[in-house]
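Shown next: query.pdb, containing PDB, C-alpha atoms.
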MODEL        1
ATOM      1  CA  MET A   1       2.482  19.805 -13.159
ATOM      2  CA  SER A   2      -0.125  21.268 -15.504
ATOM      3  CA  ASN A   3      -3.154  19.393 -16.746
ATOM      4  CA  LYS A   4      -2.425  20.464 -20.307
ATOM      5  CA  VAL A   5      -0.997  17.041 -21.043
ATOM      6  CA  HIS A   6      -4.519  15.629 -20.992
ATOM      7  CA  LEU A   7      -5.665  17.606 -23.985
ATOM      8  CA  GLY A   8      -6.321  15.371 -26.915
ATOM      9  CA  HIS A   9      -5.741  12.059 -25.205
ATOM     10  CA  THR A  10      -8.696  10.118 -23.874
ATOM     11  CA  ALA A  11      -7.921   7.509 -21.246
ATOM     12  CA  ARG A  12      -8.364   4.077 -22.763
ATOM     13  CA  LYS A  13     -10.330   1.447 -20.876
ATOM     14  CA  ARG A  14      -8.471  -1.425 -22.518
ATOM     15  CA  PHE A  15      -5.100  -0.144 -21.320
ATOM     16  CA  GLY A  16      -6.511   0.497 -17.826
ATOM     17  CA  GLN A  17      -5.452   4.131 -18.070
ATOM     18  CA  ASN A  18      -6.028   6.470 -15.120
ATOM     19  CA  PHE A  19      -3.745   9.487 -15.187
ATOM     20  CA  LEU A  20      -2.179  10.865 -12.028
ATOM     21  CA  THR A  21      -2.828  14.612 -11.706
ATOM     22  CA  ASP A  22      -2.252  15.541  -8.034
ATOM     23  CA  SER A  23       1.041  17.462  -7.910
ATOM     24  CA  ASN A  24       1.581  16.926  -4.173
ATOM     25  CA  VAL A  25       1.299  13.139  -4.578
ATOM     26  CA  ILE A  26       3.479  13.253  -7.701
ATOM     27  CA  ASN A  27       6.220  15.071  -5.746
ATOM     28  CA  ARG A  28       6.086  12.534  -2.932
ATOM     29  CA  ILE A  29       6.372   9.617  -5.359
ATOM     30  CA  VAL A  30       9.297  11.220  -7.191
ATOM     31  CA  GLY A  31      10.945  11.752  -3.794
ATOM     32  CA  ALA A  32      10.539   8.046  -3.017
ATOM     33  CA  ILE A  33      11.935   7.011  -6.420
ATOM     34  CA  ALA A  34      14.949   9.302  -5.866
ATOM     35  CA  PRO A  35      16.026   9.583  -9.526
ATOM     36  CA  ASP A  36      19.781   9.829 -10.172
ATOM     37  CA  ASN A  37      22.355   9.314 -12.915
ATOM     38  CA  ASP A  38      24.071   6.455 -11.038
ATOM     39  CA  HIS A  39      21.252   4.070 -11.971
ATOM     40  CA  VAL A  40      19.519   3.097 -15.188
ATOM     41  CA  MET A  41      16.139   4.779 -14.613
ATOM     42  CA  VAL A  42      13.255   2.842 -16.184
ATOM     43  CA  GLU A  43       9.594   3.847 -16.299
ATOM     44  CA  ILE A  44       6.895   1.384 -17.287
ATOM     45  CA  GLY A  45       3.847   2.954 -18.906
ATOM     46  CA  PRO A  46       4.705   6.676 -18.779
ATOM     47  CA  GLY A  47       1.181   7.547 -19.944
ATOM     48  CA  LEU A  48       0.845  11.328 -20.112
ATOM     49  CA  ALA A  49       4.184  11.842 -18.367
ATOM     50  CA  ALA A  50       2.912  12.902 -14.914
ATOM     51  CA  LEU A  51       5.894  11.115 -13.325
ATOM     52  CA  THR A  52       8.087  11.139 -16.428
ATOM     53  CA  GLU A  53       8.527  14.925 -16.493
ATOM     54  CA  PRO A  54       9.562  15.488 -12.851
ATOM     55  CA  VAL A  55      11.803  12.387 -12.859
ATOM     56  CA  ALA A  56      13.500  13.398 -16.121
ATOM     57  CA  GLU A  57      14.112  16.933 -14.830
ATOM     58  CA  SER A  58      16.853  15.764 -12.473
ATOM     59  CA  ILE A  59      18.583  13.164 -14.688
ATOM     60  CA  ASP A  60      20.277  12.899 -18.093
ATOM     61  CA  LYS A  61      18.447   9.904 -19.509
ATOM     62  CA  LEU A  62      15.235   8.025 -18.791
ATOM     63  CA  THR A  63      14.213   4.760 -20.440
ATOM     64  CA  VAL A  64      10.486   4.205 -20.919
ATOM     65  CA  VAL A  65       8.463   1.173 -22.007
ATOM     66  CA  GLU A  66       5.027   2.126 -23.381
ATOM     67  CA  LEU A  67       2.461  -0.013 -25.203
ATOM     68  CA  ASP A  68       0.160   2.750 -26.494
ATOM     69  CA  LYS A  69       1.438   3.969 -29.905
ATOM     70  CA  ASP A  70      -0.340   7.348 -29.599
ATOM     71  CA  LEU A  71       1.406   8.056 -26.311
ATOM     72  CA  VAL A  72       4.762   7.013 -27.799
ATOM     73  CA  GLU A  73       4.269   9.547 -30.630
ATOM     74  CA  ARG A  74       3.402  12.220 -28.083
ATOM     75  CA  LEU A  75       6.571  11.470 -26.067
ATOM     76  CA  LYS A  76       8.731  11.536 -29.223
ATOM     77  CA  THR A  77       7.631  15.108 -29.948
ATOM     78  CA  HIS A  78       7.468  16.323 -26.340
ATOM     79  CA  PRO A  79       9.430  19.631 -26.268
ATOM     80  CA  PHE A  80      11.292  18.873 -23.032
ATOM     81  CA  LEU A  81      11.371  15.070 -22.894
ATOM     82  CA  LYS A  82      12.210  14.067 -26.466
ATOM     83  CA  ASP A  83      15.973  14.532 -25.985
ATOM     84  CA  LYS A  84      16.095  12.700 -22.650
ATOM     85  CA  LEU A  85      13.997   9.632 -23.360
ATOM     86  CA  ASP A  86      15.043   6.257 -24.678
ATOM     87  CA  ILE A  87      11.621   4.947 -25.788
ATOM     88  CA  HIS A  88      10.707   1.286 -26.251
ATOM     89  CA  GLN A  89       7.246   0.807 -27.738
ATOM     90  CA  GLY A  90       5.859  -2.555 -26.726
ATOM     91  CA  ASP A  91       4.413  -4.781 -24.066
ATOM     92  CA  ALA A  92       6.314  -4.624 -20.771
ATOM     93  CA  LEU A  93       5.113  -8.169 -19.993
ATOM     94  CA  LYS A  94       7.175  -9.499 -22.906
ATOM     95  CA  PHE A  95      10.022  -7.013 -22.678
ATOM     96  CA  ASP A  96      13.576  -8.268 -22.067
ATOM     97  CA  PHE A  97      14.837  -5.907 -19.356
ATOM     98  CA  ASN A  98      18.342  -7.393 -19.686
ATOM     99  CA  GLN A  99      18.798  -5.243 -22.794
ATOM    100  CA  LEU A 100      18.692  -2.121 -20.582
ATOM    101  CA  VAL A 101      21.548  -3.248 -18.323
ATOM    102  CA  GLU A 102      24.572  -0.933 -18.357
ATOM    103  CA  GLU A 103      28.016  -1.832 -17.058
ATOM    104  CA  GLY A 104      28.319  -1.091 -13.343
ATOM    105  CA  LYS A 105      24.766   0.255 -12.986
ATOM    106  CA  GLN A 106      21.679  -1.197 -11.339
ATOM    107  CA  MET A 107      18.181  -0.298 -12.516
ATOM    108  CA  LYS A 108      15.571   1.692 -10.650
ATOM    109  CA  VAL A 109      12.180   0.777 -12.099
ATOM    110  CA  PHE A 110       8.927   2.664 -11.512
ATOM    111  CA  GLY A 111       5.450   3.046 -12.916
ATOM    112  CA  ASN A 112       1.761   3.635 -12.384
ATOM    113  CA  LEU A 113       0.756   0.110 -13.384
ATOM    114  CA  PRO A 114      -2.567  -0.745 -15.012
ATOM    115  CA  TYR A 115      -4.450  -2.923 -12.550
ATOM    116  CA  ASN A 116      -5.018  -5.766 -15.005
ATOM    117  CA  ILE A 117      -1.301  -6.407 -15.610
ATOM    118  CA  SER A 118       0.266  -5.483 -12.272
ATOM    119  CA  THR A 119       0.720  -9.006 -10.878
ATOM    120  CA  PRO A 120       2.082 -10.722 -14.022
ATOM    121  CA  LEU A 121       4.340  -7.724 -14.649
ATOM    122  CA  MET A 122       5.872  -7.906 -11.178
ATOM    123  CA  PHE A 123       6.524 -11.634 -11.654
ATOM    124  CA  HIS A 124       8.141 -10.850 -15.012
ATOM    125  CA  LEU A 125      10.389  -8.223 -13.386
ATOM    126  CA  PHE A 126      11.422 -10.597 -10.581
ATOM    127  CA  GLU A 127      13.249 -12.591 -13.272
ATOM    128  CA  PHE A 128      15.599  -9.606 -13.707
ATOM    129  CA  ALA A 129      15.906  -8.943  -9.954
ATOM    130  CA  GLU A 130      19.713  -9.249  -9.909
ATOM    131  CA  HIS A 131      19.920  -6.099 -12.083
ATOM    132  CA  ILE A 132      17.343  -4.101 -10.132
ATOM    133  CA  GLU A 133      18.138  -1.874  -7.136
ATOM    134  CA  ASN A 134      14.501  -1.101  -6.353
ATOM    135  CA  MET A 135      11.042  -0.736  -7.863
ATOM    136  CA  HIS A 136       8.282   1.752  -7.030
ATOM    137  CA  PHE A 137       4.813   0.975  -8.303
ATOM    138  CA  MET A 138       1.435   2.570  -7.979
ATOM    139  CA  LEU A 139      -1.016  -0.302  -7.568
ATOM    140  CA  GLN A 140      -4.473  -1.001  -6.275
ATOM    141  CA  LYS A 141      -4.312  -0.589  -2.516
ATOM    142  CA  GLU A 142      -5.513  -4.168  -1.993
ATOM    143  CA  VAL A 143      -2.614  -5.482  -4.109
ATOM    144  CA  VAL A 144      -0.149  -3.526  -1.948
ATOM    145  CA  LEU A 145      -1.810  -5.026   1.142
ATOM    146  CA  ARG A 146      -1.383  -8.493  -0.355
ATOM    147  CA  LEU A 147       2.264  -7.868  -1.262
ATOM    148  CA  SER A 148       3.143  -6.666   2.241
ATOM    149  CA  ALA A 149       0.898  -9.028   4.271
ATOM    150  CA  SER A 150       2.075 -11.106   7.241
ATOM    151  CA  PRO A 151       1.268 -14.803   7.745
ATOM    152  CA  GLY A 152      -2.067 -15.340   9.455
ATOM    153  CA  THR A 153      -3.801 -12.402   7.773
ATOM    154  CA  LYS A 154      -6.542 -12.545   5.131
ATOM    155  CA  ALA A 155      -4.455 -10.681   2.549
ATOM    156  CA  TYR A 156      -1.601 -13.225   2.788
ATOM    157  CA  GLY A 157      -1.450 -15.517  -0.248
ATOM    158  CA  ARG A 158       0.519 -16.811  -3.211
ATOM    159  CA  LEU A 159       1.405 -13.288  -4.348
ATOM    160  CA  THR A 160       2.717 -12.451  -0.858
ATOM    161  CA  VAL A 161       4.941 -15.514  -0.684
ATOM    162  CA  MET A 162       6.413 -15.054  -4.162
ATOM    163  CA  ALA A 163       6.970 -11.300  -3.801
ATOM    164  CA  GLN A 164       8.556 -11.645  -0.356
ATOM    165  CA  TYR A 165      10.742 -14.491  -1.606
ATOM    166  CA  PHE A 166      12.338 -12.094  -4.107
ATOM    167  CA  CYS A 167      12.072  -8.719  -2.360
ATOM    168  CA  GLN A 168      11.673  -6.657   0.732
ATOM    169  CA  VAL A 169       8.237  -5.057   0.435
ATOM    170  CA  MET A 170       7.444  -1.627   1.920
ATOM    171  CA  PRO A 171       4.217   0.351   1.461
ATOM    172  CA  VAL A 172       5.113   4.020   0.767
ATOM    173  CA  LEU A 173       1.884   6.025   0.586
ATOM    174  CA  GLU A 174      -1.832   5.738  -0.111
ATOM    175  CA  VAL A 175      -3.353   7.599  -3.051
ATOM    176  CA  PRO A 176      -7.105   8.303  -3.094
ATOM    177  CA  PRO A 177      -9.131   8.200  -6.365
ATOM    178  CA  GLY A 178      -9.404  12.008  -6.540
ATOM    179  CA  CYS A 179      -5.684  12.249  -7.427
ATOM    180  CA  PHE A 180      -6.412  10.735 -10.869
ATOM    181  CA  THR A 181      -8.254  11.648 -14.055
ATOM    182  CA  PRO A 182     -10.577   9.845 -14.521
ATOM    183  CA  PRO A 183     -10.869   8.821 -10.843
ATOM    184  CA  PRO A 184     -10.585   5.024 -10.529
ATOM    185  CA  LYS A 185     -13.215   3.146  -8.519
ATOM    186  CA  VAL A 186     -10.606   1.847  -6.092
ATOM    187  CA  ASP A 187      -8.013   3.242  -3.702
ATOM    188  CA  SER A 188      -4.410   3.105  -4.868
ATOM    189  CA  ALA A 189      -1.105   2.910  -3.033
ATOM    190  CA  VAL A 190       2.595   3.120  -3.835
ATOM    191  CA  VAL A 191       4.840   0.231  -2.860
ATOM    192  CA  ARG A 192       8.627  -0.082  -2.772
ATOM    193  CA  LEU A 193      10.125  -3.454  -3.712
ATOM    194  CA  VAL A 194      13.816  -4.012  -3.000
ATOM    195  CA  PRO A 195      15.123  -7.252  -4.569
ATOM    196  CA  TYR A 196      17.381  -9.247  -2.246
ATOM    197  CA  LYS A 197      20.958  -9.439  -3.462
ATOM    198  CA  GLN A 198      21.360 -12.556  -1.293
ATOM    199  CA  LYS A 199      18.051 -14.262  -0.771
ATOM    200  CA  PRO A 200      17.425 -15.027   2.909
ATOM    201  CA  TRP A 201      15.853 -18.385   1.957
ATOM    202  CA  PRO A 202      17.353 -19.598  -1.339
ATOM    203  CA  CYS A 203      15.071 -21.861  -3.342
ATOM    204  CA  LYS A 204      16.450 -24.652  -5.531
ATOM    205  CA  ASP A 205      13.645 -24.347  -8.092
ATOM    206  CA  VAL A 206      11.513 -21.195  -8.196
ATOM    207  CA  ASP A 207       8.965 -22.702 -10.622
ATOM    208  CA  LEU A 208       8.424 -25.496  -8.135
ATOM    209  CA  LEU A 209       7.918 -22.956  -5.340
ATOM    210  CA  ARG A 210       5.358 -21.146  -7.497
ATOM    211  CA  HIS A 211       3.553 -24.415  -8.238
ATOM    212  CA  LEU A 212       3.568 -25.429  -4.572
ATOM    213  CA  CYS A 213       2.142 -22.035  -3.506
ATOM    214  CA  THR A 214      -0.554 -22.153  -6.174
ATOM    215  CA  THR A 215      -1.536 -25.659  -5.044
ATOM    216  CA  ALA A 216      -1.509 -24.705  -1.363
ATOM    217  CA  PHE A 217      -3.615 -21.555  -1.810
ATOM    218  CA  ASN A 218      -6.078 -23.013  -4.319
ATOM    219  CA  MET A 219      -8.283 -24.043  -1.408
ATOM    220  CA  ARG A 220      -7.578 -21.621   1.403
ATOM    221  CA  ARG A 221     -10.112 -23.168   3.795
ATOM    222  CA  LYS A 222      -8.412 -26.568   3.740
ATOM    223  CA  THR A 223      -5.322 -27.663   5.644
ATOM    224  CA  LEU A 224      -1.841 -27.734   4.216
ATOM    225  CA  ARG A 225      -1.839 -31.511   4.519
ATOM    226  CA  ASN A 226      -4.989 -31.778   2.428
ATOM    227  CA  ASN A 227      -3.858 -29.356  -0.270
ATOM    228  CA  LEU A 228      -0.328 -30.705  -0.623
ATOM    229  CA  LYS A 229      -0.947 -34.434  -0.211
ATOM    230  CA  GLN A 230       0.236 -35.085  -3.786
ATOM    231  CA  MET A 231       3.594 -33.483  -2.941
ATOM    232  CA  LEU A 232       4.375 -34.019   0.748
ATOM    233  CA  THR A 233       3.817 -36.853   3.221
ATOM    234  CA  ASP A 234       3.180 -36.661   6.967
ATOM    235  CA  ASP A 235       6.810 -37.666   7.478
ATOM    236  CA  ASP A 236       7.943 -34.796   5.257
ATOM    237  CA  PHE A 237       6.024 -32.298   7.371
ATOM    238  CA  LYS A 238       7.505 -33.810  10.541
ATOM    239  CA  LEU A 239      10.994 -33.588   9.084
ATOM    240  CA  LEU A 240      10.422 -29.892   8.300
ATOM    241  CA  ASN A 241       8.799 -29.274  11.667
ATOM    242  CA  ILE A 242       5.749 -27.772   9.937
ATOM    243  CA  ASP A 243       2.261 -28.285  11.378
ATOM    244  CA  SER A 244       0.309 -29.791   8.470
ATOM    245  CA  THR A 245      -3.055 -29.047  10.136
ATOM    246  CA  LYS A 246      -2.528 -25.330   9.595
ATOM    247  CA  ARG A 247      -4.091 -23.429   6.736
ATOM    248  CA  PRO A 248      -1.971 -22.122   3.871
ATOM    249  CA  GLU A 249      -2.047 -18.491   5.077
ATOM    250  CA  GLN A 250      -0.516 -19.496   8.428
ATOM    251  CA  ILE A 251       2.759 -20.672   6.854
ATOM    252  CA  SER A 252       5.768 -18.354   6.498
ATOM    253  CA  VAL A 253       7.726 -17.652   3.312
ATOM    254  CA  GLU A 254      10.699 -19.473   4.829
ATOM    255  CA  GLN A 255       8.526 -22.563   5.413
ATOM    256  CA  TYR A 256       7.186 -22.501   1.846
ATOM    257  CA  VAL A 257      10.752 -22.427   0.523
ATOM    258  CA  ALA A 258      11.707 -25.318   2.836
ATOM    259  CA  MET A 259       8.775 -27.372   1.498
ATOM    260  CA  ALA A 260       9.675 -26.622  -2.126
ATOM    261  CA  ASN A 261      13.317 -27.555  -1.511
ATOM    262  CA  LEU A 262      12.300 -30.850   0.057
ATOM    263  CA  VAL A 263      10.028 -31.686  -2.911
ATOM    264  CA  PHE A 264      12.936 -30.807  -5.221
ATOM    265  CA  ASP A 265      15.323 -33.103  -3.302
ATOM    266  CA  LYS A 266      12.819 -35.954  -3.405
ATOM    267  CA  LYS A 267      12.469 -35.569  -7.167
ATOM    268  CA  SER A 268      16.218 -35.411  -7.664
ATOM    269  CA  SER A 269      17.131 -38.378  -5.486
TER     270      SER A 269
ENDMDL
END

Would it be possible to restate this file's structure as structure tokens?
Amino acid sequence: MSNKVHLGHTARKRFGQNFLTDSNVINRIVGAIAPDNDHVMVEIGPGLAALTEPVAESIDKLTVVELDKDLVERLKTHPFLKDKLDIHQGDALKFDFNQLVEEGKQMKVFGNLPYNISTPLMFHLFEFAEHIENMHFMLQKEVVLRLSASPGTKAYGRLTVMAQYFCQVMPVLEVPPGCFTPPPKVDSAVVRLVPYKQKPWPCKDVDLLRHLCTTAFNMRRKTLRNNLKQMLTDDDFKLLNIDSTKRPEQISVEQYVAMANLVFDKKSS
């Protein structure tokens, strides 16, 4: 992968652009993504095509969603890519991924996500989880740690619970700053998210689960009982067999779903 692609494009602060330039890391990520023609391949934020080129090499068509108009123009005239790409210029956070669904095909989604939009973008993509086989994202290492955290650890929080409700989460590899131009000030890592086809703990109202998690984790130092007293009584906790004197990070995803379902039932009855 040559560095020629960088000529004439300056990384933009406001888009959080750091371009991946280490060919060894690029090859490992492409290996993890495993591009094929049996899936709708979707890249978010192709940037200067560090991943786009090697992924497109082995497939017939690649769909990309890119916000930066200059980069879209560059992709449209790219000698090798222009015939393979289906380009959507716009904000991935507002993009309707249902329009990319093809009969009998699941999507494989990947991208080197700008740090400022990574969390809201993942939540947006979870809404289309039934159409997605897997997702591979380059993120800040600390975000990957939060996504894959276990109960009882410092990294475990609202993001962990919501991500693990929708997906299996697997860290793939760590990527030091020197692999990028310009080098970011943080370590990065690649994560694989595999949406559950049957959720292990089905939730009756996902918005309610999100609200309950936000409320629980707003004050991490306080007990569950304290944080959720507007939603759950001591009897509710007893019924669920959940120790209300624990802190929010000590409670499993399954238990959060059970609490949300109970709140839902109380509202509905």

### Query
Exactly which residues make up the result of the PyMOL selection byres ((chain A and resi 59) around 12) on this file, given as an MDAnalysis selection string?
chainID A and resid 34:42 52:58 60:63 81 83:85

Save out the residues we just selected, C-alpha atoms, as a short mmCIF file (atom, residue, chain, number, x, y, z; two decimals), in the coordinates of the input.
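The resulting file, selection.cif, is shown below:
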data_model
loop_
_atom_site.label_atom_id
_atom_site.label_comp_id
_atom_site.auth_asym_id
_atom_site.auth_seq_id
_atom_site.Cartn_x
_atom_site.Cartn_y
_atom_site.Cartn_z
CA ALA A 34 14.95 9.30 -5.87
CA PRO A 35 16.03 9.58 -9.53
CA ASP A 36 19.78 9.83 -10.17
CA ASN A 37 22.36 9.31 -12.92
CA ASP A 38 24.07 6.46 -11.04
CA HIS A 39 21.25 4.07 -11.97
CA VAL A 40 19.52 3.10 -15.19
CA MET A 41 16.14 4.78 -14.61
CA VAL A 42 13.26 2.84 -16.18
CA THR A 52 8.09 11.14 -16.43
CA GLU A 53 8.53 14.92 -16.49
CA PRO A 54 9.56 15.49 -12.85
CA VAL A 55 11.80 12.39 -12.86
CA ALA A 56 13.50 13.40 -16.12
CA GLU A 57 14.11 16.93 -14.83
CA SER A 58 16.85 15.76 -12.47
CA ASP A 60 20.28 12.90 -18.09
CA LYS A 61 18.45 9.90 -19.51
CA LEU A 62 15.24 8.02 -18.79
CA THR A 63 14.21 4.76 -20.44
CA LEU A 81 11.37 15.07 -22.89
CA ASP A 83 15.97 14.53 -25.98
CA LYS A 84 16.10 12.70 -22.65
CA LEU A 85 14.00 9.63 -23.36
#

Near Val109 (chain A), within 12 Å and counting all atoms listed in the file, which residues show up once chain neighbours fewer than 2 positions away are dropped, as a compact mmCIF listing (two decimals) with C-alpha atoms, in the frame of the given file?
# COMPACT_ATOMS: atom_id res chain seq x y z
CA VAL A 30 9.30 11.22 -7.19
CA ALA A 32 10.54 8.05 -3.02
CA ILE A 33 11.94 7.01 -6.42
CA ALA A 34 14.95 9.30 -5.87
CA PRO A 35 16.03 9.58 -9.53
CA ASP A 36 19.78 9.83 -10.17
CA HIS A 39 21.25 4.07 -11.97
CA VAL A 40 19.52 3.10 -15.19
CA MET A 41 16.14 4.78 -14.61
CA VAL A 42 13.26 2.84 -16.18
CA GLU A 43 9.59 3.85 -16.30
CA ILE A 44 6.90 1.38 -17.29
CA GLY A 45 3.85 2.95 -18.91
CA PRO A 46 4.70 6.68 -18.78
CA THR A 52 8.09 11.14 -16.43
CA VAL A 55 11.80 12.39 -12.86
CA LEU A 62 15.24 8.02 -18.79
CA THR A 63 14.21 4.76 -20.44
CA VAL A 64 10.49 4.20 -20.92
CA VAL A 65 8.46 1.17 -22.01
CA ALA A 92 6.31 -4.62 -20.77
CA PHE A 97 14.84 -5.91 -19.36
CA LEU A 100 18.69 -2.12 -20.58
CA VAL A 101 21.55 -3.25 -18.32
CA GLN A 106 21.68 -1.20 -11.34
CA MET A 107 18.18 -0.30 -12.52
CA GLY A 111 5.45 3.05 -12.92
CA ASN A 112 1.76 3.64 -12.38
CA LEU A 113 0.76 0.11 -13.38
CA LEU A 121 4.34 -7.72 -14.65
CA MET A 122 5.87 -7.91 -11.18
CA LEU A 125 10.39 -8.22 -13.39
CA PHE A 126 11.42 -10.60 -10.58
CA PHE A 128 15.60 -9.61 -13.71
CA ALA A 129 15.91 -8.94 -9.95
CA HIS A 131 19.92 -6.10 -12.08
CA ILE A 132 17.34 -4.10 -10.13
CA GLU A 133 18.14 -1.87 -7.14
CA ASN A 134 14.50 -1.10 -6.35
CA MET A 135 11.04 -0.74 -7.86
CA HIS A 136 8.28 1.75 -7.03
CA PHE A 137 4.81 0.98 -8.30
CA MET A 138 1.44 2.57 -7.98
CA VAL A 191 4.84 0.23 -2.86
CA ARG A 192 8.63 -0.08 -2.77
CA LEU A 193 10.12 -3.45 -3.71
CA VAL A 194 13.82 -4.01 -3.00
CA PRO A 195 15.12 -7.25 -4.57

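Here CA of Asn18 (chain A) is placed at a distance of 8.7 Å from CA of Gly47 (chain A).
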
### Query
With distances taken over all atoms listed in the file, which of A:Asp205, A:Glu249, A:Glu103, A:Asp68 is nearest to Ile87 (chain A)?
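Of all the options, A:Asp68 lies closest to Ile87 (chain A).
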
#### Entry: Output of the PyMOL selection byres ((chain A and resi 148) around 12), listed as a VMD selection string
chain A and resid 141 to 147 149 to 151 153 to 165 167 to 172 189 to 193 253

Store the residues picked out above, limited to C-alpha atoms, as a compact mmCIF listing (two decimals), in the frame of the given file.
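again_39.txt was written with the following content:
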# COMPACT_ATOMS: atom_id res chain seq x y z
CA LYS A 141 -4.31 -0.59 -2.52
CA GLU A 142 -5.51 -4.17 -1.99
CA VAL A 143 -2.61 -5.48 -4.11
CA VAL A 144 -0.15 -3.53 -1.95
CA LEU A 145 -1.81 -5.03 1.14
CA ARG A 146 -1.38 -8.49 -0.36
CA LEU A 147 2.26 -7.87 -1.26
CA ALA A 149 0.90 -9.03 4.27
CA SER A 150 2.08 -11.11 7.24
CA PRO A 151 1.27 -14.80 7.74
CA THR A 153 -3.80 -12.40 7.77
CA LYS A 154 -6.54 -12.54 5.13
CA ALA A 155 -4.46 -10.68 2.55
CA TYR A 156 -1.60 -13.22 2.79
CA GLY A 157 -1.45 -15.52 -0.25
CA ARG A 158 0.52 -16.81 -3.21
CA LEU A 159 1.40 -13.29 -4.35
CA THR A 160 2.72 -12.45 -0.86
CA VAL A 161 4.94 -15.51 -0.68
CA MET A 162 6.41 -15.05 -4.16
CA ALA A 163 6.97 -11.30 -3.80
CA GLN A 164 8.56 -11.64 -0.36
CA TYR A 165 10.74 -14.49 -1.61
CA CYS A 167 12.07 -8.72 -2.36
CA GLN A 168 11.67 -6.66 0.73
CA VAL A 169 8.24 -5.06 0.44
CA MET A 170 7.44 -1.63 1.92
CA PRO A 171 4.22 0.35 1.46
CA VAL A 172 5.11 4.02 0.77
CA ALA A 189 -1.10 2.91 -3.03
CA VAL A 190 2.60 3.12 -3.84
CA VAL A 191 4.84 0.23 -2.86
CA ARG A 192 8.63 -0.08 -2.77
CA LEU A 193 10.12 -3.45 -3.71
CA VAL A 253 7.73 -17.65 3.31

### Query
Could you list as a list in words every residue that has an atom within 12 Å of (0.3, -33.0, -2.6), using the file's coordinates and counting only C-alpha atoms?
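Neighbouring residues, ordered by chain and number, come to His211, Leu212, Cys213, Thr214, Thr215, Ala216, Asn218, Thr223, Leu224, Arg225, Asn226, Asn227, Leu228, Lys229, Gln230, Met231, Leu232, Thr233, Asp234, Asp236, Phe237, Ser244, Met259, Ala260 and Val263 of chain A.
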
### Task
Run the PyMOL selection byres ((chain A and resi 181) around 6) mentally over the shown coordinates, then write out the matched residues as a VMD selection string, using the chain letters and numbers from the document.
chain A and resid 18 to 19 180 182 to 183

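Separating CA of Pro200 (chain A) from CA of Leu240 (chain A) is a distance of 17.3 Å.
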